[in-house]
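Structure record follows, encoded as structure tokens.
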Amino acid sequence: MSDVRPYPALLSVRDFLLLGGITLLCLFVGAVSIRMLGSAYGIDDLPVFMNELTPESAKASKSFLRSTAGLNNLLTFLLPAIVFVLFRFRKQFLLFFRLNRFPNLLNAVFGVSAVLVAMPVIQWLYKFNSSIPLPDFLQQSETQVEVMLKGILDAQSTPELLLVLLVVAVIPALGEELFFRGILQRYIERMTLNPHIAVWSIGALFSAIHMQFAGFLPRMLLGVLLGYLVIWTRSLWIPIIAHFANNALQVIVVYQLGDQIAEFDLESGASLPWYVTLLSAVAVGTMCWMLYIVNAPRRAEAEIDPFLLELHSEEKSHV
């Protein structure tokens, strides 16, 4: 155990620069690709197109919006995370991401349930967050993003529904969890030796990067919950599955609403009685406590990070 503890951080300054460089390169490729997509769809001026979006025009352009959303998430989070870890750690890819073991079924059930039953709490936070005044330019941005999301989610057939699930649930669940919880949270946890600092700081960054400030607090809460799922279970599969379930539920709800999509508020929904929110909070707390207890042996093992143990072993073999 003492041989591993001198390794509190995994990233050097060089590694941070490498991760940042790969991400910037992918963002550049994404910007060029989106520009080419816009030309293919006959959209010559993307800023004008985005500013003039309405629910009707978003529907007409939903193929472009879905392609853009999928490509953006793929090149902003998923590809940089995969390329960086493959380049930096090669054969330890799965071990680094804590994907080397199949998820425990009980953990998966509790993890997904905790995220889903948190919906009333998230809704209450959204209403509170929405009551905070925003500058006009941010309010305009919020409205534009909401119109875009409704256009993306408006599926009229089963094949369309599957495509939306891929773009809105599968790719973000993989990309955002690998990038935020798999890389950034892991590094901050090792650098600070404080998992709570890692979870809350990455939860805030996770929310801020979405650039939807009317929903900053509820999205941050979701990010924090996903972060603790990694801390408690030491498996990235659990937050990936829970993240997918959260996004997929929204997609399916919107699909079931059909023509009511224009009146549907993606995050706030109908007002709920205070006791439903309270019960939601109690249920989430209970499930989190059960996850904490069930995974006590795994947390004890986490004193020796298996990735660091193998990495240190390889370093000693080269001396």
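If you're wondering about the labels, chains in the structure tokens are A, B, ... by order shown, residues count from 1 in each chain, ligands from 1 in order shown.
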
Name the residues in contact with segment 194-204 of chain A at a cut-off of 10 Å, using only C-alpha atoms, excluding same-chain residues fewer than 5 positions from it; report them as a list in words. Phe180, Arg181, Leu184, Gln185, Arg186, Tyr187, Ile188, Glu189, Ile209, Phe216, Leu217, Arg219, Met220, Leu221, Leu222, Gly223, Val224, Leu225, Leu226, Gly227, Tyr228, Leu229, Val230 and Ile231 of chain A

Go ahead and write the selection's residues with C-alpha atoms as a tab-separated table (two decimals), in the first residue's frame.
chain	number	residue	atom	x	y	z
A	180	PHE	CA	-15.81	14.29	-16.82
A	181	ARG	CA	-16.02	11.39	-14.37
A	184	LEU	CA	-11.18	14.96	-14.91
A	185	GLN	CA	-12.81	13.79	-11.68
A	186	ARG	CA	-10.29	10.98	-11.37
A	187	TYR	CA	-7.36	13.39	-11.67
A	188	ILE	CA	-8.74	15.96	-9.26
A	189	GLU	CA	-9.51	13.21	-6.76
A	209	ILE	CA	-20.21	23.42	-20.00
A	216	PHE	CA	-27.41	25.12	-13.81
A	217	LEU	CA	-28.34	23.91	-10.30
A	219	ARG	CA	-27.78	19.75	-13.83
A	220	MET	CA	-25.04	20.27	-11.26
A	221	LEU	CA	-26.98	18.08	-8.80
A	222	LEU	CA	-27.20	15.37	-11.46
A	223	GLY	CA	-23.45	15.67	-12.11
A	224	VAL	CA	-22.70	15.43	-8.37
A	225	LEU	CA	-24.88	12.35	-8.03
A	226	LEU	CA	-23.15	10.69	-11.00
A	227	GLY	CA	-19.80	11.63	-9.49
A	228	TYR	CA	-20.60	9.95	-6.19
A	229	LEU	CA	-21.74	6.83	-8.03
A	230	VAL	CA	-18.15	6.49	-9.26
A	231	ILE	CA	-16.71	7.18	-5.80

Neighbours of segment 279-293 of chain A within 9 Å (only C-alpha atoms; same-chain residues fewer than 3 positions away dropped), as a list in words?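 In the requested form, the answer reads Leu106, Asn107, Phe110, Gly111, Ser113, Ala114, Val115, Leu116, Val117, Ala118, Met119, Pro120, Val121, Leu225, Tyr228, Leu229, Trp232, Thr233, Trp274, Tyr275, Val276, Ala296, Pro297 and Arg299 of chain A.
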
Same residues, N, CA and C atoms, saved as a CSV table (one decimal), in the first residue's frame:
chain,number,residue,atom,x,y,z
A,106,LEU,N,-26.8,-5.0,-8.7
A,106,LEU,CA,-27.4,-4.3,-7.6
A,106,LEU,C,-27.0,-2.8,-7.6
A,107,ASN,N,-25.7,-2.6,-7.9
A,107,ASN,CA,-25.3,-1.2,-8.1
A,107,ASN,C,-26.0,-0.5,-9.2
A,110,PHE,N,-29.6,0.4,-8.1
A,110,PHE,CA,-29.7,1.5,-7.2
A,110,PHE,C,-29.2,2.8,-7.9
A,111,GLY,N,-28.2,2.7,-8.7
A,111,GLY,CA,-27.7,3.9,-9.4
A,111,GLY,C,-28.7,4.5,-10.3
A,113,SER,N,-32.0,4.0,-10.2
A,113,SER,CA,-33.2,4.4,-9.4
A,113,SER,C,-32.9,5.7,-8.7
A,114,ALA,N,-31.7,5.9,-8.2
A,114,ALA,CA,-31.4,7.1,-7.5
A,114,ALA,C,-31.5,8.3,-8.4
A,115,VAL,N,-31.1,8.2,-9.6
A,115,VAL,CA,-31.1,9.3,-10.6
A,115,VAL,C,-32.6,9.5,-11.0
A,116,LEU,N,-33.4,8.5,-11.2
A,116,LEU,CA,-34.7,8.6,-11.7
A,116,LEU,C,-35.7,9.2,-10.6
A,117,VAL,N,-35.5,8.7,-9.4
A,117,VAL,CA,-36.4,9.2,-8.3
A,117,VAL,C,-36.0,10.6,-7.9
A,118,ALA,N,-34.8,11.1,-8.3
A,118,ALA,CA,-34.4,12.4,-8.0
A,118,ALA,C,-35.1,13.5,-8.9
A,119,MET,N,-35.9,13.0,-9.9
A,119,MET,CA,-36.6,14.0,-10.8
A,119,MET,C,-37.4,15.1,-10.1
A,120,PRO,N,-38.2,14.8,-9.1
A,120,PRO,CA,-39.0,15.9,-8.4
A,120,PRO,C,-38.0,16.9,-7.8
A,121,VAL,N,-36.9,16.4,-7.2
A,121,VAL,CA,-36.0,17.3,-6.6
A,121,VAL,C,-35.3,18.2,-7.6
A,225,LEU,N,-24.4,13.7,-8.3
A,225,LEU,CA,-24.9,12.3,-8.0
A,225,LEU,C,-24.1,11.3,-8.9
A,228,TYR,N,-20.6,10.8,-7.4
A,228,TYR,CA,-20.6,10.0,-6.2
A,228,TYR,C,-20.8,8.5,-6.5
A,229,LEU,N,-21.6,8.2,-7.6
A,229,LEU,CA,-21.7,6.8,-8.0
A,229,LEU,C,-20.4,6.2,-8.4
A,232,TRP,N,-18.4,5.7,-4.9
A,232,TRP,CA,-18.9,4.6,-4.1
A,232,TRP,C,-18.7,3.3,-4.7
A,233,THR,N,-18.9,3.1,-6.0
A,233,THR,CA,-18.9,1.8,-6.7
A,233,THR,C,-17.5,1.5,-7.3
A,274,TRP,N,-45.3,19.7,-2.4
A,274,TRP,CA,-44.1,19.8,-1.7
A,274,TRP,C,-43.7,18.4,-1.1
A,275,TYR,N,-44.7,17.6,-0.7
A,275,TYR,CA,-44.4,16.3,-0.1
A,275,TYR,C,-43.8,15.3,-1.1
A,276,VAL,N,-44.2,15.5,-2.4
A,276,VAL,CA,-43.6,14.6,-3.4
A,276,VAL,C,-42.1,14.9,-3.6
A,296,ALA,N,-19.0,-0.9,0.7
A,296,ALA,CA,-18.0,-0.6,1.7
A,296,ALA,C,-16.7,-1.4,1.4
A,297,PRO,N,-16.8,-2.7,1.1
A,297,PRO,CA,-15.5,-3.5,0.8
A,297,PRO,C,-14.8,-2.9,-0.4
A,299,ARG,N,-14.8,0.2,-1.4
A,299,ARG,CA,-14.2,1.5,-1.0
A,299,ARG,C,-12.9,1.2,-0.2

Per-residue DSSP, segment 105-256 of chain A, filtered to alpha helix (DSSP H), as a ChimeraX atom specification: /A:105-117,119-130,136-153,158-165,171-176,185-192,195-208,216-233,237-256

Any idea what's packed within 9 Å of Phe77 of chain A, counting only C-alpha atoms, ignoring anything in its chain fewer than 4 positions away? Could you give it as a list in words?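 Once the nearby chain positions are removed, what remains is Thr23, Cys26, Asn72, Asn73, Ala81, Ile82, Pro172, Leu174, Gly175, Glu176, Glu177, Leu178, Phe179 and Phe180 of chain A.
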
Grab the atom CA of Ile240 of chain A to atom CA of Asp15 of chain A distance for me, in Å with one decimal place. 24.6 Å

Counting only C-alpha atoms, the option among A:Val164, A:Phe64, A:Phe16, A:Gly215 closest to Ala40 of chain A: A:Phe64

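Taking atom CA of Ile34 of chain A and atom CA of Leu71 of chain A as endpoints, the distance between them is 7.7 Å.
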
Which distance in Å separates atom CA of Tyr126 of chain A and atom CA of Leu27 of chain A, to one decimal? 29.5 Å
